[in-house]
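Below is one structure; the comments refer to it alone.
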Amino acid sequence: MRKLPLGRTDIMVSEWCLGTMTYGNQTPQDDAHRQIDMCLDAGINFLDTAEMYPVNPIRAETVGRSEEVIGNWIARTGRRDEIVVATKVSGDNPGWVRDGHGYDGDVIRQTVDQSLKRLQTDVIDLYQMHWPMRESYMFRQNWTFDPSGQNRQQTLDHMMDVLEALGEAVQAGKIRAIGMSNESAWGMTKWVDLAEAAGLPRMASVQNEYSLLCRLYDTDMAEMAVNEDVTLLSFSPLACGVLTGKYQNGQVPEGSRMSINGNLGGRVTERLWPAAQAYLDLAAEHGLDPVHMAMAWQRTRPFPISAIFGATTAAQLEQILAGKDVMLSDDLVAGIDAVHKAHPMPY
């Protein structure tokens, strides 16, 4: 599998990344470890986790468990040098982590060490902030987004405080690179500009939702990524399973994400199912598994991407990996563009 540089760093990551947010909950440790082995065999060297994982549901008592599962794999196999590990610190939250408090420089000085301990490693390859500590349009908030209450100077001061703490961690050899998640074009350029002016670590990546059904990244964020050399770590490339077709016609498989989270985090709308069906029909027309089409489409984009996918079971992972070498024809890409124009922003 092709490798690409993570931002302007010398860290080379596979163009697909194994997401681990179900590890330690829906995915038991033995299956999770099997998945990591399978991905390495397929040429995937990149793993993404977070302090708050696992999800579905997120609970205070399970915080850190996904990191622990990965740490146990590292300790058991001794194959730490073969993987690139990314994790995240949580922002303000409903009480899952730190009684709901997010992050600043002091918090990051603690959470880096906590993640290192759970991961049973000396260094984190990519340390990310899970979401901004200000209003954001991510997670379906774009429909009512109102930044008018933001305090610009307060935001910039917070960014500098965080960057200084991250700089200390880089100097100490605890982390190699840094990234944001669920961030805007303005936010990313400010993180980059502040870091460059102060000689502090520069954002290498941004982890935002991006799929055939969610293409908010295609305009301002795409321009930011190309001009600032920021790699997109696209999450939910299969739209929480919608693009597999398993939810069409009212189906809700037992144990699926929809069976646990009925509206898929606000993604379920009247417009969703016709849009999904259009992509499923297009894949069938070209003789492709829709999972393989959705994942292969990510590598056609005009900006750098490592697409984060997840699998609850090793069997699901096997299906995804079967399409790791699929390339889309120009005709199929044009067909995808036509469907997108006919079904824009279905959620």
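Following the order of the structure tokens, first chain is A, next is B, and so on, with residues numbered from 1 inside each chain and ligands from 1 in the order they appear.
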
Subject >> Contact residues around A:Val170 with only C-alpha atoms at 12 Å, ignoring same-chain residues under 4 positions, as a list in words >> reply: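 Contacts, in chain order: Arg109, Val112, Asp122, Val123, Ile124, Asp125, Leu126, Tyr127, Leu163, Glu164, Ala165, Leu166, Lys174, Ile175, Arg176, Ala177, Ile178, Leu200, Pro201 and Arg202 of chain A.
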
Excluding stretch 304-310 of chain A and its own-chain neighbours fewer than 6 positions away, which residues fall within 10 Å of it when counting only C-alpha atoms? Please give them as a CSV table (one decimal) with all heavy atoms, in the first residue's frame.
```csv
chain,number,residue,atom,x,y,z
A,3,LYS,N,2.5,4.8,0.7
A,3,LYS,CA,2.8,5.6,1.9
A,3,LYS,C,2.9,7.0,1.4
A,3,LYS,O,3.3,7.4,0.3
A,3,LYS,CB,4.1,5.1,2.5
A,3,LYS,CG,4.1,3.6,3.0
A,3,LYS,CD,3.2,3.4,4.1
A,3,LYS,CE,3.5,2.0,4.8
A,3,LYS,NZ,3.5,0.8,3.8
A,4,LEU,N,2.6,7.9,2.4
A,4,LEU,CA,2.7,9.3,2.1
A,4,LEU,C,3.2,10.0,3.3
A,4,LEU,O,3.0,9.5,4.5
A,4,LEU,CB,1.4,10.0,1.7
A,4,LEU,CG,0.2,10.0,2.7
A,4,LEU,CD1,-0.8,11.2,2.4
A,4,LEU,CD2,-0.6,8.7,2.8
A,5,PRO,N,3.9,11.1,3.2
A,5,PRO,CA,4.4,11.8,4.3
A,5,PRO,C,3.3,12.5,5.1
A,5,PRO,O,2.4,13.0,4.5
A,5,PRO,CB,5.4,12.9,3.8
A,5,PRO,CG,4.9,13.1,2.4
A,5,PRO,CD,4.3,11.8,1.9
A,6,LEU,N,3.4,12.5,6.4
A,6,LEU,CA,2.5,13.1,7.3
A,6,LEU,C,2.8,14.6,7.4
A,6,LEU,O,3.8,15.0,8.1
A,6,LEU,CB,2.5,12.5,8.7
A,6,LEU,CG,1.4,12.9,9.7
A,6,LEU,CD1,0.0,12.4,9.2
A,6,LEU,CD2,1.7,12.3,11.1
A,7,GLY,N,2.1,15.4,6.7
A,7,GLY,CA,2.4,16.9,6.6
A,7,GLY,C,3.8,17.1,6.1
A,7,GLY,O,4.2,16.5,5.1
A,13,VAL,N,3.1,7.4,6.4
A,13,VAL,CA,2.0,6.7,6.9
A,13,VAL,C,1.3,6.1,5.6
A,13,VAL,O,1.3,6.6,4.5
A,13,VAL,CB,1.0,7.6,7.6
A,13,VAL,CG1,1.6,8.1,8.9
A,13,VAL,CG2,0.5,8.7,6.8
A,14,SER,N,0.6,5.0,5.8
A,14,SER,CA,-0.2,4.3,4.8
A,14,SER,C,-1.4,5.2,4.4
A,14,SER,O,-1.9,6.0,5.2
A,14,SER,CB,-0.6,2.9,5.2
A,14,SER,OG,-1.2,2.9,6.5
A,15,GLU,N,-1.8,5.1,3.2
A,15,GLU,CA,-3.0,5.9,2.7
A,15,GLU,C,-4.3,5.4,3.3
A,15,GLU,O,-5.3,6.1,3.1
A,15,GLU,CB,-3.1,5.9,1.2
A,15,GLU,CG,-3.2,4.6,0.6
A,15,GLU,CD,-3.1,4.6,-1.0
A,15,GLU,OE1,-3.1,5.8,-1.5
A,15,GLU,OE2,-3.1,3.6,-1.6
A,16,TRP,N,-4.3,4.3,4.0
A,16,TRP,CA,-5.4,3.9,4.9
A,16,TRP,C,-4.9,3.8,6.3
A,16,TRP,O,-3.7,3.4,6.5
A,16,TRP,CB,-5.9,2.5,4.5
A,16,TRP,CG,-6.7,2.6,3.2
A,16,TRP,CD1,-6.9,3.6,2.3
A,16,TRP,CD2,-7.5,1.4,2.7
A,16,TRP,NE1,-7.7,3.2,1.3
A,16,TRP,CE2,-8.1,1.9,1.5
A,16,TRP,CE3,-7.7,0.1,3.1
A,16,TRP,CZ2,-8.9,1.1,0.7
A,16,TRP,CZ3,-8.5,-0.7,2.3
A,16,TRP,CH2,-9.1,-0.2,1.1
A,17,CYS,N,-5.8,4.1,7.3
A,17,CYS,CA,-5.4,4.1,8.7
A,17,CYS,C,-6.5,3.3,9.4
A,17,CYS,O,-7.7,3.5,9.2
A,17,CYS,CB,-5.4,5.5,9.2
A,17,CYS,SG,-5.1,5.7,11.0
A,18,LEU,N,-6.0,2.4,10.3
A,18,LEU,CA,-6.9,1.6,11.1
A,18,LEU,C,-7.5,2.4,12.3
A,18,LEU,O,-6.7,2.8,13.2
A,18,LEU,CB,-6.2,0.3,11.6
A,18,LEU,CG,-7.0,-0.6,12.5
A,18,LEU,CD1,-8.3,-1.2,11.8
A,18,LEU,CD2,-6.2,-1.8,13.0
A,19,GLY,N,-8.8,2.6,12.3
A,19,GLY,CA,-9.4,3.3,13.5
A,19,GLY,C,-9.7,2.2,14.5
A,19,GLY,O,-10.1,1.1,14.2
A,20,THR,N,-9.6,2.6,15.8
A,20,THR,CA,-9.7,1.7,16.9
A,20,THR,C,-10.7,2.0,17.9
A,20,THR,O,-10.7,1.6,19.1
A,20,THR,CB,-8.3,1.5,17.6
A,20,THR,OG1,-8.0,2.8,18.2
A,20,THR,CG2,-7.2,1.2,16.6
A,21,MET,N,-11.7,2.8,17.5
A,21,MET,CA,-12.6,3.4,18.5
A,21,MET,C,-13.6,2.4,19.2
A,21,MET,O,-14.2,2.6,20.2
A,21,MET,CB,-13.5,4.5,18.0
A,21,MET,CG,-14.5,4.2,16.9
A,21,MET,SD,-15.3,5.7,16.4
A,21,MET,CE,-16.6,4.9,15.3
A,22,THR,N,-13.7,1.1,18.6
A,22,THR,CA,-14.5,0.1,19.2
A,22,THR,C,-13.7,-0.9,20.1
A,22,THR,O,-14.2,-1.7,20.7
A,22,THR,CB,-15.2,-0.7,18.2
A,22,THR,OG1,-14.3,-1.4,17.3
A,22,THR,CG2,-16.1,0.2,17.3
A,23,TYR,N,-12.3,-0.7,20.1
A,23,TYR,CA,-11.5,-1.6,20.8
A,23,TYR,C,-11.7,-1.5,22.3
A,23,TYR,O,-11.6,-0.5,22.9
A,23,TYR,CB,-10.0,-1.4,20.5
A,23,TYR,CG,-9.6,-1.8,19.1
A,23,TYR,CD1,-10.5,-2.2,18.2
A,23,TYR,CD2,-8.2,-1.8,18.8
A,23,TYR,CE1,-10.1,-2.5,16.9
A,23,TYR,CE2,-7.8,-2.2,17.5
A,23,TYR,CZ,-8.8,-2.5,16.6
A,23,TYR,OH,-8.4,-2.9,15.3
A,35,GLN,N,-6.9,-7.8,14.2
A,35,GLN,CA,-7.0,-6.8,13.2
A,35,GLN,C,-5.7,-6.0,12.9
A,35,GLN,O,-5.4,-5.7,11.8
A,35,GLN,CB,-8.1,-5.8,13.6
A,35,GLN,CG,-9.5,-6.3,13.6
A,35,GLN,CD,-10.6,-5.3,13.8
A,35,GLN,OE1,-10.3,-4.1,13.7
A,35,GLN,NE2,-11.8,-5.7,14.3
A,46,PHE,N,-0.6,2.4,10.0
A,46,PHE,CA,-1.1,3.6,10.8
A,46,PHE,C,-2.3,3.2,11.6
A,46,PHE,O,-3.2,2.6,11.1
A,46,PHE,CB,-1.4,4.7,9.7
A,46,PHE,CG,-1.6,6.1,10.2
A,46,PHE,CD1,-1.1,6.5,11.5
A,46,PHE,CD2,-2.1,7.1,9.4
A,46,PHE,CE1,-1.2,7.8,12.0
A,46,PHE,CE2,-2.3,8.4,9.9
A,46,PHE,CZ,-1.8,8.7,11.1
A,47,LEU,N,-2.2,3.5,12.9
A,47,LEU,CA,-3.3,3.3,13.8
A,47,LEU,C,-3.8,4.6,14.5
A,47,LEU,O,-2.9,5.4,14.9
A,47,LEU,CB,-2.9,2.3,15.0
A,47,LEU,CG,-3.0,0.8,14.7
A,47,LEU,CD1,-1.9,0.4,13.7
A,47,LEU,CD2,-2.8,0.0,16.0
A,48,ASP,N,-5.1,4.8,14.6
A,48,ASP,CA,-5.6,6.0,15.3
A,48,ASP,C,-6.5,5.6,16.4
A,48,ASP,O,-7.3,4.8,16.3
A,48,ASP,CB,-6.4,6.8,14.3
A,48,ASP,CG,-7.0,8.1,14.9
A,48,ASP,OD1,-6.2,9.0,15.2
A,48,ASP,OD2,-8.2,8.1,15.2
A,205,SER,N,-1.4,17.5,10.5
A,205,SER,CA,-2.6,16.8,10.0
A,205,SER,C,-3.8,17.4,10.6
A,205,SER,O,-3.7,18.1,11.6
A,205,SER,CB,-2.5,15.3,10.3
A,205,SER,OG,-2.5,15.1,11.7
A,206,VAL,N,-4.9,17.1,10.0
A,206,VAL,CA,-6.2,17.5,10.5
A,206,VAL,C,-7.2,16.3,10.3
A,206,VAL,O,-7.2,15.7,9.2
A,206,VAL,CB,-6.8,18.8,9.9
A,206,VAL,CG1,-7.1,18.6,8.4
A,206,VAL,CG2,-8.1,19.2,10.6
A,207,GLN,N,-7.8,15.9,11.4
A,207,GLN,CA,-8.7,14.7,11.3
A,207,GLN,C,-10.2,15.2,11.3
A,207,GLN,O,-10.7,15.6,12.3
A,207,GLN,CB,-8.5,13.7,12.5
A,207,GLN,CG,-9.3,12.5,12.3
A,207,GLN,CD,-9.0,11.4,13.4
A,207,GLN,OE1,-9.9,10.7,13.8
A,207,GLN,NE2,-7.7,11.4,13.8
A,209,GLU,N,-14.3,14.7,9.3
A,209,GLU,CA,-15.1,13.7,8.6
A,209,GLU,C,-15.1,14.0,7.1
A,209,GLU,O,-15.2,15.1,6.7
A,209,GLU,CB,-16.6,13.8,9.1
A,209,GLU,CG,-17.5,12.8,8.5
A,209,GLU,CD,-18.8,12.7,9.2
A,209,GLU,OE1,-19.1,13.4,10.2
A,209,GLU,OE2,-19.7,11.9,8.7
A,210,TYR,N,-15.0,12.9,6.3
A,210,TYR,CA,-14.9,13.1,4.9
A,210,TYR,C,-15.3,11.8,4.2
A,210,TYR,O,-14.7,10.7,4.5
A,210,TYR,CB,-13.5,13.5,4.4
A,210,TYR,CG,-13.5,13.9,3.0
A,210,TYR,CD1,-14.2,15.0,2.5
A,210,TYR,CD2,-12.7,13.2,2.1
A,210,TYR,CE1,-14.1,15.4,1.2
A,210,TYR,CE2,-12.6,13.6,0.7
A,210,TYR,CZ,-13.3,14.7,0.3
A,210,TYR,OH,-13.3,15.0,-1.0
A,211,SER,N,-16.4,11.8,3.4
A,211,SER,CA,-16.8,10.6,2.7
A,211,SER,C,-17.6,11.1,1.5
A,211,SER,O,-17.9,12.3,1.3
A,211,SER,CB,-17.7,9.8,3.6
A,211,SER,OG,-19.0,10.4,3.8
A,222,ALA,N,-9.7,22.1,1.7
A,222,ALA,CA,-8.8,21.5,0.7
A,222,ALA,C,-7.7,22.5,0.3
A,222,ALA,O,-6.6,22.2,0.1
A,222,ALA,CB,-9.7,21.1,-0.6
A,225,ALA,N,-5.2,22.7,3.0
A,225,ALA,CA,-4.3,21.5,3.0
A,225,ALA,C,-3.2,21.5,2.0
A,225,ALA,O,-2.1,21.2,2.3
A,225,ALA,CB,-5.2,20.2,2.8
A,226,VAL,N,-3.6,21.9,0.8
A,226,VAL,CA,-2.6,22.0,-0.3
A,226,VAL,C,-1.5,23.0,0.0
A,226,VAL,O,-0.3,22.8,-0.2
A,226,VAL,CB,-3.3,22.2,-1.7
A,226,VAL,CG1,-2.3,22.6,-2.7
A,226,VAL,CG2,-4.2,21.0,-2.0
A,229,ASP,N,0.5,22.2,3.4
A,229,ASP,CA,1.0,20.8,3.5
A,229,ASP,C,0.4,20.1,4.8
A,229,ASP,O,1.2,19.6,5.6
A,229,ASP,CB,2.5,20.8,3.6
A,229,ASP,CG,3.1,21.3,2.3
A,229,ASP,OD1,2.6,21.0,1.2
A,229,ASP,OD2,4.1,22.1,2.3
A,230,VAL,N,-0.9,20.1,4.9
A,230,VAL,CA,-1.5,19.4,6.0
A,230,VAL,C,-2.2,18.2,5.5
A,230,VAL,O,-3.0,18.3,4.5
A,230,VAL,CB,-2.5,20.4,6.7
A,230,VAL,CG1,-3.4,19.6,7.7
A,230,VAL,CG2,-1.8,21.5,7.4
A,231,THR,N,-2.0,17.0,6.1
A,231,THR,CA,-2.6,15.8,5.6
A,231,THR,C,-4.0,15.6,6.3
A,231,THR,O,-4.1,15.8,7.5
A,231,THR,CB,-1.7,14.6,6.0
A,231,THR,OG1,-0.4,14.8,5.4
A,231,THR,CG2,-2.3,13.3,5.5
A,232,LEU,N,-5.0,15.3,5.5
A,232,LEU,CA,-6.3,15.0,6.0
A,232,LEU,C,-6.3,13.5,6.5
A,232,LEU,O,-6.0,12.6,5.7
A,232,LEU,CB,-7.4,15.2,4.9
A,232,LEU,CG,-8.8,14.6,5.3
A,232,LEU,CD1,-9.3,15.3,6.5
A,232,LEU,CD2,-9.7,14.7,4.1
A,233,LEU,N,-6.7,13.3,7.7
A,233,LEU,CA,-7.0,12.0,8.2
A,233,LEU,C,-8.5,11.9,8.2
A,233,LEU,O,-9.2,12.4,9.2
A,233,LEU,CB,-6.4,11.8,9.6
A,233,LEU,CG,-4.9,12.1,9.8
A,233,LEU,CD1,-4.4,11.8,11.2
A,233,LEU,CD2,-4.1,11.4,8.7
A,234,SER,N,-9.1,11.4,7.2
A,234,SER,CA,-10.5,11.4,7.0
A,234,SER,C,-11.2,10.3,7.8
A,234,SER,O,-10.9,9.1,7.7
A,234,SER,CB,-10.9,11.2,5.5
A,234,SER,OG,-10.3,10.0,5.0
A,235,PHE,N,-12.1,10.7,8.7
A,235,PHE,CA,-12.8,9.7,9.5
A,235,PHE,C,-14.2,9.5,8.9
A,235,PHE,O,-14.8,10.3,8.2
A,235,PHE,CB,-12.8,10.1,11.0
A,235,PHE,CG,-13.7,11.2,11.4
A,235,PHE,CD1,-15.1,11.0,11.6
A,235,PHE,CD2,-13.1,12.4,11.7
A,235,PHE,CE1,-15.9,12.1,12.1
A,235,PHE,CE2,-13.9,13.5,12.2
A,235,PHE,CZ,-15.3,13.3,12.4
A,236,SER,N,-14.7,8.3,9.2
A,236,SER,CA,-16.1,7.9,8.7
A,236,SER,C,-16.1,7.9,7.2
A,236,SER,O,-17.1,8.4,6.6
A,236,SER,CB,-17.2,8.7,9.3
A,236,SER,OG,-17.3,8.6,10.6
A,237,PRO,N,-15.1,7.3,6.5
A,237,PRO,CA,-15.1,7.3,5.0
A,237,PRO,C,-16.3,6.4,4.5
A,237,PRO,O,-16.6,6.5,3.3
A,237,PRO,CB,-13.8,6.7,4.7
A,237,PRO,CG,-13.3,5.9,5.8
A,237,PRO,CD,-13.9,6.7,7.0
A,238,LEU,N,-16.8,5.5,5.4
A,238,LEU,CA,-18.0,4.7,5.0
A,238,LEU,C,-19.3,5.2,5.6
A,238,LEU,O,-20.3,4.5,5.6
A,238,LEU,CB,-17.7,3.2,5.4
A,238,LEU,CG,-16.5,2.5,4.8
A,238,LEU,CD1,-16.4,1.1,5.4
A,238,LEU,CD2,-16.6,2.5,3.3
A,239,ALA,N,-19.2,6.5,6.1
A,239,ALA,CA,-20.4,7.1,6.6
A,239,ALA,C,-21.1,6.3,7.7
A,239,ALA,O,-22.3,6.1,7.7
A,239,ALA,CB,-21.3,7.5,5.5
A,240,CYS,N,-20.3,5.8,8.7
A,240,CYS,CA,-20.8,5.0,9.8
A,240,CYS,C,-21.5,3.7,9.3
A,240,CYS,O,-22.5,3.3,9.9
A,240,CYS,CB,-21.7,5.8,10.7
A,240,CYS,SG,-20.9,7.2,11.5
A,241,GLY,N,-21.1,3.2,8.2
A,241,GLY,CA,-21.6,2.0,7.6
A,241,GLY,C,-22.7,2.2,6.6
A,241,GLY,O,-23.2,1.3,6.0
A,295,MET,N,-13.9,3.6,-0.4
A,295,MET,CA,-12.5,3.7,0.1
A,295,MET,C,-11.5,4.1,-1.0
A,295,MET,O,-10.7,5.0,-0.8
A,295,MET,CB,-12.0,2.4,0.8
A,295,MET,CG,-12.7,2.1,2.1
A,295,MET,SD,-12.4,3.3,3.4
A,295,MET,CE,-10.7,3.1,3.6
A,296,ALA,N,-11.7,3.5,-2.2
A,296,ALA,CA,-10.8,3.9,-3.3
A,296,ALA,C,-11.0,5.3,-3.7
A,296,ALA,O,-10.0,6.0,-4.2
A,296,ALA,CB,-11.1,2.9,-4.4
A,298,GLN,N,-11.3,7.9,-2.0
A,298,GLN,CA,-10.5,8.8,-1.1
A,298,GLN,C,-9.2,9.1,-1.7
A,298,GLN,O,-8.7,10.2,-1.6
A,298,GLN,CB,-10.3,8.1,0.3
A,298,GLN,CG,-11.6,7.9,1.1
A,298,GLN,CD,-12.0,9.1,2.0
A,298,GLN,OE1,-11.1,9.8,2.5
A,298,GLN,NE2,-13.3,9.3,2.2
A,316,GLN,N,-15.3,-8.2,9.2
A,316,GLN,CA,-15.6,-7.0,8.5
A,316,GLN,C,-14.3,-6.4,7.9
A,316,GLN,O,-14.3,-5.9,6.8
A,316,GLN,CB,-16.3,-6.0,9.4
A,316,GLN,CG,-17.7,-6.3,9.9
A,316,GLN,CD,-18.3,-5.3,10.9
A,316,GLN,OE1,-17.5,-4.5,11.4
A,316,GLN,NE2,-19.6,-5.4,11.1
A,317,LEU,N,-13.3,-6.5,8.7
A,317,LEU,CA,-12.0,-5.9,8.2
A,317,LEU,C,-11.5,-6.7,7.0
A,317,LEU,O,-11.0,-6.1,6.0
A,317,LEU,CB,-11.0,-6.1,9.3
A,317,LEU,CG,-9.5,-5.6,9.0
A,317,LEU,CD1,-9.5,-4.1,8.6
A,317,LEU,CD2,-8.6,-5.8,10.2
A,320,ILE,N,-13.1,-5.2,3.9
A,320,ILE,CA,-12.5,-3.9,3.6
A,320,ILE,C,-11.2,-4.1,2.9
A,320,ILE,O,-10.9,-3.5,1.9
A,320,ILE,CB,-12.4,-3.0,4.8
A,320,ILE,CG1,-13.8,-2.7,5.4
A,320,ILE,CG2,-11.7,-1.7,4.5
A,320,ILE,CD1,-13.8,-2.0,6.8
```

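Of the residues under consideration (A:Asp37, A:Thr121, A:Trp73, A:Met293), A:Met293 shows the shortest atom-to-atom contact distance to A:Lys324 when counting only C-alpha atoms.
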
**OP:** Tell me which protein, DNA and RNA residues are within 7 Å of A:Ser181, counting only C-alpha atoms, leaving out same-chain ones fewer than 2 positions away, and put them as a ChimeraX atom specification.
**Re:** /A:128-131,179,183,206-208

**OP:** May I ask for the distance between atom CA of A:Arg8 and atom CA of A:Thr87, given in Å to one decimal place?
**Re:**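 Distance reported for this atom pair: 18.7 Å.
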
**OP:** Between atom CA of A:Val242 and atom CA of A:Ala283, measure the distance and give it in Å to one decimal.
**Re:**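 Distance between the two atoms: 13.8 Å.
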
**OP:** If you run DSSP over the backbone, which residues in stretch 52-236 of chain A end up helix (DSSP H, G or I)? Put them as a VMD selection string.
**Re:** chain A and resid 60 to 62 65 to 77 80 to 82 98 to 100 105 to 119 141 to 143 147 to 149 152 to 171 185 to 198 216 to 218 220 to 228
